[in-house]
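Visitor: Could you have a look at this structure, given as structure tokens, before my questions?
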Amino acid sequence: MIRLNEIFYSIQGEGAFTGTPAVFVRLAGCNLSCRFCDTDYSLKELVSVGEIVDRVNEIGAGCSLVILTGGEPLAQSESLALIEALRKAGRRVHIESNGTIQTPLSDDVWLTISPKERLSKAMAYRANEVKLIVEGRVPLEWVEHFPPQTTIFLQPEGNKHHNVALAMEALKAAPQRFRLSLQTHKFIGVK
Ligand code: SF4
């Protein structure tokens with residue numbers, strides 16, 4: 001069974017796929033306990049892989065993109081089974097992960113890593129995009145862990161002005177390495 005927090009239909013507000021309609025499946029639980037974490041990833045219900053696929057089909061019938069987020073969506077024993085079931089149902093699967101749990105993902109699964117306190121080297125090399133959260137400082141120490149061709153987004157926490165200013169400074173100093181990611185869904189008041 002999958003430990004689930006919520007399923008909702010919205011848009012991807014961040015990173016390379018900003019503005020793309022997507023069904024979000026937020027899995028409950030995380031293998032880290034970051035002190036700044038403000039995500040509600042509490043357990044709301046236990047559901048089967050098949051039921052999640054059914055709910056995704058129901059809530060986002062015409063939507064091809066499903067984003068697994070958390071918590072940590074790769075921390076559950078049935079995470080891979082869920083990914084495969086969604087792929088078999090014709091969905092494009094994106095994962096938003098902290099990058100700590102080495103997991104064999106199919107090539108067509110898009111992996112976004114937002115590193116926190118540690119990182120799997122294999123997952124760092126598998127990442128399609130990286131999101132560094134700028135909150136009072138730019139965590140530049142993570143940059144060297146990723147291949148030079150991997151896009152690194154600097155994302156000001158809460159779109160706050162002082163975090164935006166810090167991100168802009170880093171972007172201008174290394175324009176080939178960074179791109180800016182804003183939490184655009186927050187501008188329009190959606191999840
Ligand atoms: S890895 Fe992400 S979801 Fe998990 S505790 Fe840290 S900030 Fe929260």
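Letters A, B, ... mark the chains of the structure tokens in the order given; residue numbers begin at 1 per chain; ligand numbers begin at 1, in order shown.
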Using only C-alpha atoms and all ligand atoms, what are the residues with an atom within 8 Å of ligand 1, set out as a PyMOL selection string?

Guide: chain A and resi 29-39+41+70-72+97-98+114-116

Visitor: Those same residues - N, CA, C and O atoms - I'd like them written as an mmCIF file, in the first residue's frame.

Guide:
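Saved the output as result.cif:
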data_model
loop_
_atom_site.group_PDB
_atom_site.id
_atom_site.type_symbol
_atom_site.label_atom_id
_atom_site.label_comp_id
_atom_site.auth_asym_id
_atom_site.auth_seq_id
_atom_site.Cartn_x
_atom_site.Cartn_y
_atom_site.Cartn_z
ATOM 1 N N GLY A 29 5.196 11.097 4.268
ATOM 2 C CA GLY A 29 6.447 10.666 4.895
ATOM 3 C C GLY A 29 7.674 11.155 4.165
ATOM 4 O O GLY A 29 7.648 11.441 2.960
ATOM 5 N N CYS A 30 8.755 11.279 4.918
ATOM 6 C CA CYS A 30 10.033 11.697 4.356
ATOM 7 C C CYS A 30 11.146 11.042 5.155
ATOM 8 O O CYS A 30 10.984 10.794 6.351
ATOM 9 N N ASN A 31 12.250 10.751 4.502
ATOM 10 C CA ASN A 31 13.387 10.131 5.203
ATOM 11 C C ASN A 31 14.304 11.185 5.828
ATOM 12 O O ASN A 31 15.272 10.837 6.487
ATOM 13 N N LEU A 32 14.016 12.473 5.603
ATOM 14 C CA LEU A 32 14.774 13.539 6.248
ATOM 15 C C LEU A 32 13.838 14.324 7.162
ATOM 16 O O LEU A 32 12.620 14.207 7.075
ATOM 17 N N SER A 33 14.415 15.132 8.018
ATOM 18 C CA SER A 33 13.605 15.989 8.912
ATOM 19 C C SER A 33 14.212 17.388 8.902
ATOM 20 O O SER A 33 14.756 17.821 9.913
ATOM 21 N N CYS A 34 14.134 18.044 7.778
ATOM 22 C CA CYS A 34 14.749 19.379 7.665
ATOM 23 C C CYS A 34 14.048 20.355 8.606
ATOM 24 O O CYS A 34 12.812 20.393 8.650
ATOM 25 N N ARG A 35 14.827 21.158 9.305
ATOM 26 C CA ARG A 35 14.223 22.041 10.322
ATOM 27 C C ARG A 35 13.361 23.116 9.676
ATOM 28 O O ARG A 35 12.428 23.614 10.272
ATOM 29 N N PHE A 36 13.649 23.476 8.413
ATOM 30 C CA PHE A 36 12.891 24.548 7.750
ATOM 31 C C PHE A 36 11.698 24.017 6.971
ATOM 32 O O PHE A 36 10.991 24.770 6.330
ATOM 33 N N CYS A 37 11.465 22.695 7.032
ATOM 34 C CA CYS A 37 10.415 22.104 6.191
ATOM 35 C C CYS A 37 9.044 22.669 6.542
ATOM 36 O O CYS A 37 8.642 22.678 7.703
ATOM 37 N N ASP A 38 8.317 23.134 5.529
ATOM 38 C CA ASP A 38 6.963 23.644 5.777
ATOM 39 C C ASP A 38 5.929 22.876 4.947
ATOM 40 O O ASP A 38 4.826 23.343 4.723
ATOM 41 N N THR A 39 6.322 21.685 4.494
ATOM 42 C CA THR A 39 5.401 20.876 3.683
ATOM 43 C C THR A 39 4.609 19.929 4.583
ATOM 44 O O THR A 39 5.188 19.269 5.441
ATOM 45 N N TYR A 41 3.343 16.671 4.838
ATOM 46 C CA TYR A 41 3.394 15.353 4.181
ATOM 47 C C TYR A 41 2.892 14.273 5.139
ATOM 48 O O TYR A 41 3.323 13.121 5.085
ATOM 49 N N GLY A 70 6.320 14.988 -2.345
ATOM 50 C CA GLY A 70 6.183 14.543 -0.968
ATOM 51 C C GLY A 70 6.279 15.727 -0.026
ATOM 52 O O GLY A 70 5.958 16.854 -0.428
ATOM 53 N N GLY A 71 6.881 15.441 1.130
ATOM 54 C CA GLY A 71 7.661 14.301 1.534
ATOM 55 C C GLY A 71 8.722 13.864 0.523
ATOM 56 O O GLY A 71 9.139 14.629 -0.321
ATOM 57 N N GLU A 72 9.096 12.618 0.664
ATOM 58 C CA GLU A 72 10.046 12.021 -0.282
ATOM 59 C C GLU A 72 9.339 10.894 -1.028
ATOM 60 O O GLU A 72 9.081 9.829 -0.454
ATOM 61 N N SER A 97 12.306 15.002 -5.755
ATOM 62 C CA SER A 97 12.974 14.200 -4.727
ATOM 63 C C SER A 97 14.073 14.988 -4.043
ATOM 64 O O SER A 97 14.618 15.946 -4.608
ATOM 65 N N ASN A 98 14.417 14.531 -2.835
ATOM 66 C CA ASN A 98 15.579 15.142 -2.172
ATOM 67 C C ASN A 98 16.889 14.466 -2.628
ATOM 68 O O ASN A 98 17.974 14.873 -2.197
ATOM 69 N N SER A 114 15.997 18.402 -5.301
ATOM 70 C CA SER A 114 16.250 19.573 -4.463
ATOM 71 C C SER A 114 17.042 19.074 -3.251
ATOM 72 O O SER A 114 16.458 18.538 -2.301
ATOM 73 N N PRO A 115 18.376 19.193 -3.322
ATOM 74 C CA PRO A 115 19.194 18.581 -2.268
ATOM 75 C C PRO A 115 19.026 19.280 -0.929
ATOM 76 O O PRO A 115 18.864 20.498 -0.872
ATOM 77 N N LYS A 116 19.080 18.484 0.116
ATOM 78 C CA LYS A 116 18.948 19.034 1.458
ATOM 79 C C LYS A 116 20.212 18.740 2.263
ATOM 80 O O LYS A 116 21.232 19.337 2.029
#

Visitor: May I have the residues within 10 Å of His145 (chain A) as a list in words, using only C-alpha atoms and disregarding those fewer than 6 positions away in the same chain?

Guide: Pro115, Leu119, Ser120, Lys121, Ala124 and Tyr125 of chain A

Visitor: Distance table requested - region 40-69 of chain A against region 2-23 of chain A, cut-off 8 Å, only C-alpha atoms: one row per qualifying residue with the closest atom pair and its distance in Å to one decimal, ordered by chain and rising residue number, as a tab-separated table.

Guide:
residue	atom	partner	partner_atom	distance
A:Asp40	CA	A:Asn5	CA	8.0
A:Tyr41	CA	A:Asn5	CA	5.8
A:Ser42	CA	A:Asn5	CA	5.9
A:Leu43	CA	A:Asn5	CA	5.3
A:Lys44	CA	A:Asn5	CA	4.9
A:Glu45	CA	A:Leu4	CA	5.4
A:Leu46	CA	A:Arg3	CA	4.9
A:Val47	CA	A:Ile2	CA	5.3
A:Ser48	CA	A:Ile2	CA	5.9
A:Val49	CA	A:Ile2	CA	6.5
A:Arg55	CA	A:Ile7	CA	7.9
A:Val56	CA	A:Val23	CA	6.8
A:Ile59	CA	A:Tyr9	CA	6.7
A:Gly60	CA	A:Val23	CA	6.2
A:Cys63	CA	A:Ala22	CA	6.4
A:Ser64	CA	A:Ala22	CA	7.4
A:Leu65	CA	A:Ala22	CA	4.9
A:Val66	CA	A:Val23	CA	4.8
A:Ile67	CA	A:Val23	CA	6.2

Visitor: Show which residues sit within 9 Å of Thr103 (chain A), as a ChimeraX atom specification. Count only C-alpha atoms, and ignore same-chain residues fewer than 4 positions away.

Guide: /A:74,80,122-123

Visitor: To one decimal place in Å, what is the distance between CA of Thr69 (chain A) and CA of Gly50 (chain A)?

Guide: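 So the two atoms, CA of Thr69 (chain A) and CA of Gly50 (chain A), lie 17.8 Å apart.
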
Visitor: Need the shell around Pro148 (chain A): protein/DNA/RNA residues with any atom at most 12 Å away, counting only C-alpha atoms. Skip same-chain ones fewer than 3 positions apart. Format as a list in words?

Guide: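 The residues that qualify are Ala124, Tyr125, Ala127, Asn128, Glu129, Val130, Val143, Glu144, His145, Thr151, Ile152, Gln176, Arg177 and Phe178 of chain A.
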
Visitor: Using only C-alpha atoms, which residues sit within 12 Å of Pro175 (chain A) once same-chain residues fewer than 5 positions away are excluded, as a list of chain:residue names?

Guide: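 Listing them by chain and then by number gives A:Thr151, A:Ile152, A:Phe153, A:Leu154, A:Ala167, A:Met168, A:Glu169, A:Ala170, A:Leu180.
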
Visitor: Could you turn the residues from that selection into a file that holds all heavy atoms, as a compact mmCIF listing (two decimals), in the first residue's frame?

Guide:
# COMPACT_ATOMS: atom_id res chain seq x y z
N THR A 151 20.80 21.42 -15.63
CA THR A 151 20.26 22.74 -15.34
C THR A 151 20.04 22.91 -13.84
O THR A 151 19.40 22.08 -13.21
CB THR A 151 18.92 22.96 -16.06
OG1 THR A 151 19.12 22.73 -17.44
CG2 THR A 151 18.39 24.37 -15.83
N ILE A 152 20.57 23.99 -13.31
CA ILE A 152 20.37 24.28 -11.88
C ILE A 152 19.52 25.54 -11.75
O ILE A 152 19.90 26.62 -12.21
CB ILE A 152 21.72 24.46 -11.15
CG1 ILE A 152 22.51 23.15 -11.19
CG2 ILE A 152 21.49 24.92 -9.71
CD1 ILE A 152 23.81 23.18 -10.42
N PHE A 153 18.37 25.36 -11.13
CA PHE A 153 17.49 26.49 -10.86
C PHE A 153 17.74 27.01 -9.46
O PHE A 153 17.84 26.22 -8.51
CB PHE A 153 16.01 26.06 -10.96
CG PHE A 153 15.55 25.81 -12.37
CD1 PHE A 153 15.56 24.53 -12.90
CD2 PHE A 153 15.10 26.86 -13.15
CE1 PHE A 153 15.14 24.29 -14.20
CE2 PHE A 153 14.67 26.64 -14.46
CZ PHE A 153 14.70 25.35 -14.98
N LEU A 154 17.80 28.31 -9.34
CA LEU A 154 17.83 28.95 -8.02
C LEU A 154 16.41 29.41 -7.74
O LEU A 154 15.82 30.17 -8.52
CB LEU A 154 18.80 30.13 -8.01
CG LEU A 154 20.26 29.80 -8.35
CD1 LEU A 154 21.12 31.05 -8.26
CD2 LEU A 154 20.80 28.70 -7.44
N ALA A 167 19.37 35.44 -5.13
CA ALA A 167 19.40 34.56 -6.31
C ALA A 167 19.87 35.33 -7.54
O ALA A 167 20.67 34.83 -8.33
CB ALA A 167 18.01 33.97 -6.55
N MET A 168 19.39 36.56 -7.70
CA MET A 168 19.77 37.38 -8.86
C MET A 168 21.27 37.66 -8.87
O MET A 168 21.91 37.62 -9.93
CB MET A 168 18.99 38.70 -8.85
CG MET A 168 17.51 38.55 -9.17
SD MET A 168 17.22 37.93 -10.84
CE MET A 168 17.77 39.31 -11.81
N GLU A 169 21.80 37.92 -7.68
CA GLU A 169 23.25 38.17 -7.58
C GLU A 169 24.04 36.95 -8.06
O GLU A 169 25.00 37.06 -8.83
CB GLU A 169 23.57 38.47 -6.11
CG GLU A 169 24.88 39.16 -5.87
CD GLU A 169 25.09 39.40 -4.37
OE1 GLU A 169 24.09 39.71 -3.66
OE2 GLU A 169 26.22 39.25 -3.92
N ALA A 170 23.61 35.76 -7.60
CA ALA A 170 24.31 34.52 -8.00
C ALA A 170 24.13 34.24 -9.49
O ALA A 170 25.06 33.80 -10.17
CB ALA A 170 23.78 33.35 -7.17
N LEU A 180 16.67 31.10 -13.04
CA LEU A 180 15.78 31.48 -11.93
C LEU A 180 14.49 30.68 -11.99
O LEU A 180 13.90 30.53 -13.07
CB LEU A 180 15.48 32.99 -12.02
CG LEU A 180 14.63 33.57 -10.89
CD1 LEU A 180 15.38 33.54 -9.56
CD2 LEU A 180 14.21 34.99 -11.22

Visitor: Write down as a compact mmCIF listing (two decimals) with N, CA, C and O atoms, in the first residue's frame the residues of chain A whose backbone DSSP state falls under strand (DSSP E or B).

Guide:
# COMPACT_ATOMS: atom_id res chain seq x y z
N ILE A 2 0.32 2.30 -0.54
CA ILE A 2 1.02 3.59 -0.61
C ILE A 2 0.49 4.49 0.51
O ILE A 2 -0.71 4.60 0.73
N ARG A 3 1.43 5.13 1.20
CA ARG A 3 1.03 6.12 2.21
C ARG A 3 0.85 7.46 1.49
O ARG A 3 1.79 8.02 0.95
N LEU A 4 -0.39 7.94 1.50
CA LEU A 4 -0.75 9.09 0.66
C LEU A 4 -1.10 10.30 1.52
O LEU A 4 -1.75 10.18 2.56
N ASN A 5 -0.70 11.46 1.05
CA ASN A 5 -1.14 12.71 1.67
C ASN A 5 -2.30 13.32 0.88
O ASN A 5 -3.36 13.60 1.43
N GLU A 6 -2.10 13.53 -0.44
CA GLU A 6 -3.17 14.13 -1.24
C GLU A 6 -2.91 13.93 -2.72
O GLU A 6 -1.80 13.67 -3.16
N ILE A 7 -4.00 14.09 -3.49
CA ILE A 7 -3.91 14.12 -4.95
C ILE A 7 -4.68 15.36 -5.41
O ILE A 7 -5.81 15.58 -4.95
N PHE A 8 -4.07 16.17 -6.25
CA PHE A 8 -4.79 17.34 -6.76
C PHE A 8 -4.32 17.68 -8.17
O PHE A 8 -3.22 17.30 -8.58
N TYR A 9 -5.16 18.40 -8.88
CA TYR A 9 -4.89 18.77 -10.27
C TYR A 9 -4.60 20.25 -10.32
O TYR A 9 -5.42 21.06 -9.87
N SER A 10 -3.43 20.61 -10.81
CA SER A 10 -3.06 22.03 -10.84
C SER A 10 -2.09 22.26 -12.00
O SER A 10 -2.22 21.62 -13.05
N ILE A 11 -1.16 23.19 -11.80
CA ILE A 11 -0.08 23.37 -12.78
C ILE A 11 1.25 23.21 -12.06
O ILE A 11 1.34 23.44 -10.86
N PRO A 21 0.05 21.92 -17.06
CA PRO A 21 -0.96 21.27 -16.23
C PRO A 21 -0.45 19.90 -15.75
O PRO A 21 0.18 19.17 -16.52
N ALA A 22 -0.75 19.58 -14.50
CA ALA A 22 -0.24 18.32 -13.95
C ALA A 22 -1.12 17.86 -12.80
O ALA A 22 -1.67 18.67 -12.05
N VAL A 23 -1.22 16.54 -12.69
CA VAL A 23 -1.84 15.96 -11.49
C VAL A 23 -0.71 15.69 -10.50
O VAL A 23 0.28 15.03 -10.83
N PHE A 24 -0.85 16.22 -9.30
CA PHE A 24 0.15 16.02 -8.25
C PHE A 24 -0.30 14.90 -7.32
O PHE A 24 -1.45 14.88 -6.85
N VAL A 25 0.60 13.98 -7.07
CA VAL A 25 0.35 12.92 -6.08
C VAL A 25 1.39 13.12 -4.98
O VAL A 25 2.58 12.92 -5.19
N ARG A 26 0.91 13.60 -3.84
CA ARG A 26 1.84 13.85 -2.72
C ARG A 26 1.85 12.63 -1.79
O ARG A 26 0.84 12.32 -1.15
N LEU A 27 2.99 11.96 -1.77
CA LEU A 27 3.12 10.79 -0.90
C LEU A 27 3.49 11.24 0.51
O LEU A 27 4.19 12.24 0.70
N GLU A 45 -4.08 8.76 4.23
CA GLU A 45 -4.75 7.49 3.96
C GLU A 45 -3.79 6.49 3.32
O GLU A 45 -2.76 6.87 2.76
N LEU A 46 -4.14 5.22 3.47
CA LEU A 46 -3.39 4.14 2.82
C LEU A 46 -4.19 3.67 1.61
O LEU A 46 -5.36 3.31 1.75
N VAL A 47 -3.56 3.72 0.45
CA VAL A 47 -4.29 3.33 -0.76
C VAL A 47 -3.41 2.43 -1.62
O VAL A 47 -2.19 2.49 -1.56
N LEU A 65 0.54 14.56 -17.65
CA LEU A 65 1.65 14.68 -16.70
C LEU A 65 1.22 14.40 -15.25
O LEU A 65 0.25 15.00 -14.76
N VAL A 66 1.95 13.51 -14.60
CA VAL A 66 1.73 13.23 -13.18
C VAL A 66 3.03 13.52 -12.43
O VAL A 66 4.10 13.04 -12.83
N ILE A 67 2.93 14.32 -11.38
CA ILE A 67 4.12 14.67 -10.60
C ILE A 67 4.02 14.01 -9.23
O ILE A 67 3.08 14.26 -8.47
N LEU A 68 4.98 13.15 -8.95
CA LEU A 68 5.04 12.53 -7.62
C LEU A 68 5.92 13.40 -6.74
O LEU A 68 7.08 13.65 -7.04
N THR A 69 5.33 13.84 -5.63
CA THR A 69 6.06 14.71 -4.73
C THR A 69 5.84 14.23 -3.30
O THR A 69 5.30 13.17 -3.06
N ARG A 92 3.04 10.60 -18.25
CA ARG A 92 4.44 11.01 -18.15
C ARG A 92 4.68 11.28 -16.66
O ARG A 92 3.91 12.02 -16.02
N VAL A 93 5.71 10.67 -16.11
CA VAL A 93 5.92 10.77 -14.66
C VAL A 93 7.12 11.66 -14.35
O VAL A 93 8.21 11.46 -14.89
N HIS A 94 6.88 12.63 -13.49
CA HIS A 94 7.96 13.47 -12.94
C HIS A 94 8.07 13.20 -11.44
O HIS A 94 7.05 12.97 -10.78
N ILE A 95 9.30 13.23 -10.95
CA ILE A 95 9.53 12.97 -9.52
C ILE A 95 10.22 14.19 -8.92
O ILE A 95 11.20 14.69 -9.48
N GLU A 96 9.72 14.63 -7.77
CA GLU A 96 10.38 15.71 -7.04
C GLU A 96 10.97 15.11 -5.78
O GLU A 96 10.25 14.73 -4.85
N SER A 97 12.31 15.00 -5.75
CA SER A 97 12.97 14.20 -4.73
C SER A 97 14.07 14.99 -4.04
O SER A 97 14.62 15.95 -4.61
N TRP A 110 11.16 12.00 -15.47
CA TRP A 110 11.89 13.26 -15.24
C TRP A 110 12.16 13.38 -13.74
O TRP A 110 11.24 13.29 -12.93
N LEU A 111 13.43 13.60 -13.41
CA LEU A 111 13.81 13.67 -11.99
C LEU A 111 14.27 15.07 -11.63
O LEU A 111 15.26 15.57 -12.17
N THR A 112 13.54 15.68 -10.72
CA THR A 112 13.95 16.96 -10.16
C THR A 112 14.50 16.70 -8.77
O THR A 112 13.83 16.08 -7.94
N ILE A 113 15.71 17.17 -8.52
CA ILE A 113 16.30 16.99 -7.19
C ILE A 113 16.47 18.34 -6.52
O ILE A 113 17.01 19.28 -7.11
N GLU A 129 16.92 18.00 -13.62
CA GLU A 129 17.04 19.39 -13.20
C GLU A 129 17.25 19.42 -11.69
O GLU A 129 16.91 18.46 -10.98
N VAL A 130 17.84 20.53 -11.25
CA VAL A 130 18.14 20.69 -9.83
C VAL A 130 17.49 21.99 -9.37
O VAL A 130 17.49 22.99 -10.09
N LYS A 131 16.96 21.95 -8.18
CA LYS A 131 16.34 23.14 -7.60
C LYS A 131 17.05 23.44 -6.29
O LYS A 131 17.00 22.64 -5.36
N LEU A 132 17.75 24.56 -6.26
CA LEU A 132 18.39 24.97 -5.01
C LEU A 132 17.52 26.05 -4.37
O LEU A 132 17.26 27.08 -5.00
N ILE A 133 17.09 25.80 -3.17
CA ILE A 133 16.23 26.77 -2.48
C ILE A 133 17.09 27.86 -1.85
O ILE A 133 18.02 27.57 -1.08
N VAL A 134 16.78 29.10 -2.21
CA VAL A 134 17.52 30.24 -1.68
C VAL A 134 16.73 30.81 -0.50
O VAL A 134 15.63 31.35 -0.68
N THR A 151 20.80 21.42 -15.63
CA THR A 151 20.26 22.74 -15.34
C THR A 151 20.04 22.91 -13.84
O THR A 151 19.40 22.08 -13.21
N ILE A 152 20.57 23.99 -13.31
CA ILE A 152 20.37 24.28 -11.88
C ILE A 152 19.52 25.54 -11.75
O ILE A 152 19.90 26.62 -12.21
N PHE A 153 18.37 25.36 -11.13
CA PHE A 153 17.49 26.49 -10.86
C PHE A 153 17.74 27.01 -9.46
O PHE A 153 17.84 26.22 -8.51
N LEU A 154 17.80 28.31 -9.34
CA LEU A 154 17.83 28.95 -8.02
C LEU A 154 16.41 29.41 -7.74
O LEU A 154 15.82 30.17 -8.52
N GLN A 155 15.85 28.94 -6.64
CA GLN A 155 14.45 29.25 -6.34
C GLN A 155 14.32 29.98 -5.02
O GLN A 155 14.51 29.39 -3.95
N PRO A 156 14.04 31.28 -5.08
CA PRO A 156 13.90 32.07 -3.85
C PRO A 156 12.73 31.57 -3.02
O PRO A 156 11.59 31.51 -3.51
N PHE A 178 23.25 28.99 -13.94
CA PHE A 178 21.99 29.05 -13.19
C PHE A 178 20.84 29.61 -14.00
O PHE A 178 21.05 30.40 -14.92
N ARG A 179 19.64 29.21 -13.59
CA ARG A 179 18.42 29.85 -14.08
C ARG A 179 17.55 30.14 -12.86
O ARG A 179 17.68 29.50 -11.83
N LEU A 180 16.67 31.10 -13.04
CA LEU A 180 15.78 31.48 -11.93
C LEU A 180 14.49 30.68 -11.99
O LEU A 180 13.90 30.53 -13.07

Visitor: Residues near Glu135 (chain A), anyone? I mean within 9 Å using only C-alpha atoms, not counting same-chain ones fewer than 6 positions away, as a VMD selection string.

Guide: chain A and resid 155 to 158 160 162 to 163 166

Visitor: Put those residues in a file: C-alpha atoms, as a short mmCIF file (atom, residue, chain, number, x, y, z; two decimals), in the first residue's frame.

Guide:
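Output (again-v5.cif):
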data_model
loop_
_atom_site.label_atom_id
_atom_site.label_comp_id
_atom_site.auth_asym_id
_atom_site.auth_seq_id
_atom_site.Cartn_x
_atom_site.Cartn_y
_atom_site.Cartn_z
CA GLN A 155 14.45 29.25 -6.34
CA PRO A 156 13.90 32.07 -3.85
CA GLU A 157 11.94 30.67 -0.91
CA GLY A 158 8.43 32.10 -0.82
CA LYS A 160 10.57 36.84 -0.90
CA HIS A 162 15.59 39.38 -0.14
CA ASN A 163 15.81 35.80 -1.43
CA LEU A 166 20.38 36.85 -3.43
#

Visitor: Do you have the CA of Val164 (chain A)-CA of Pro73 (chain A) distance handy?

Guide: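 Separation of CA of Val164 (chain A) and CA of Pro73 (chain A): 27.8 Å.
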
Visitor: Mind giving me the straight-line distance from CA of Asp54 (chain A) to CA of Arg87 (chain A) in Å, one decimal?

Guide: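 Separation of CA of Asp54 (chain A) and CA of Arg87 (chain A): 13.0 Å.
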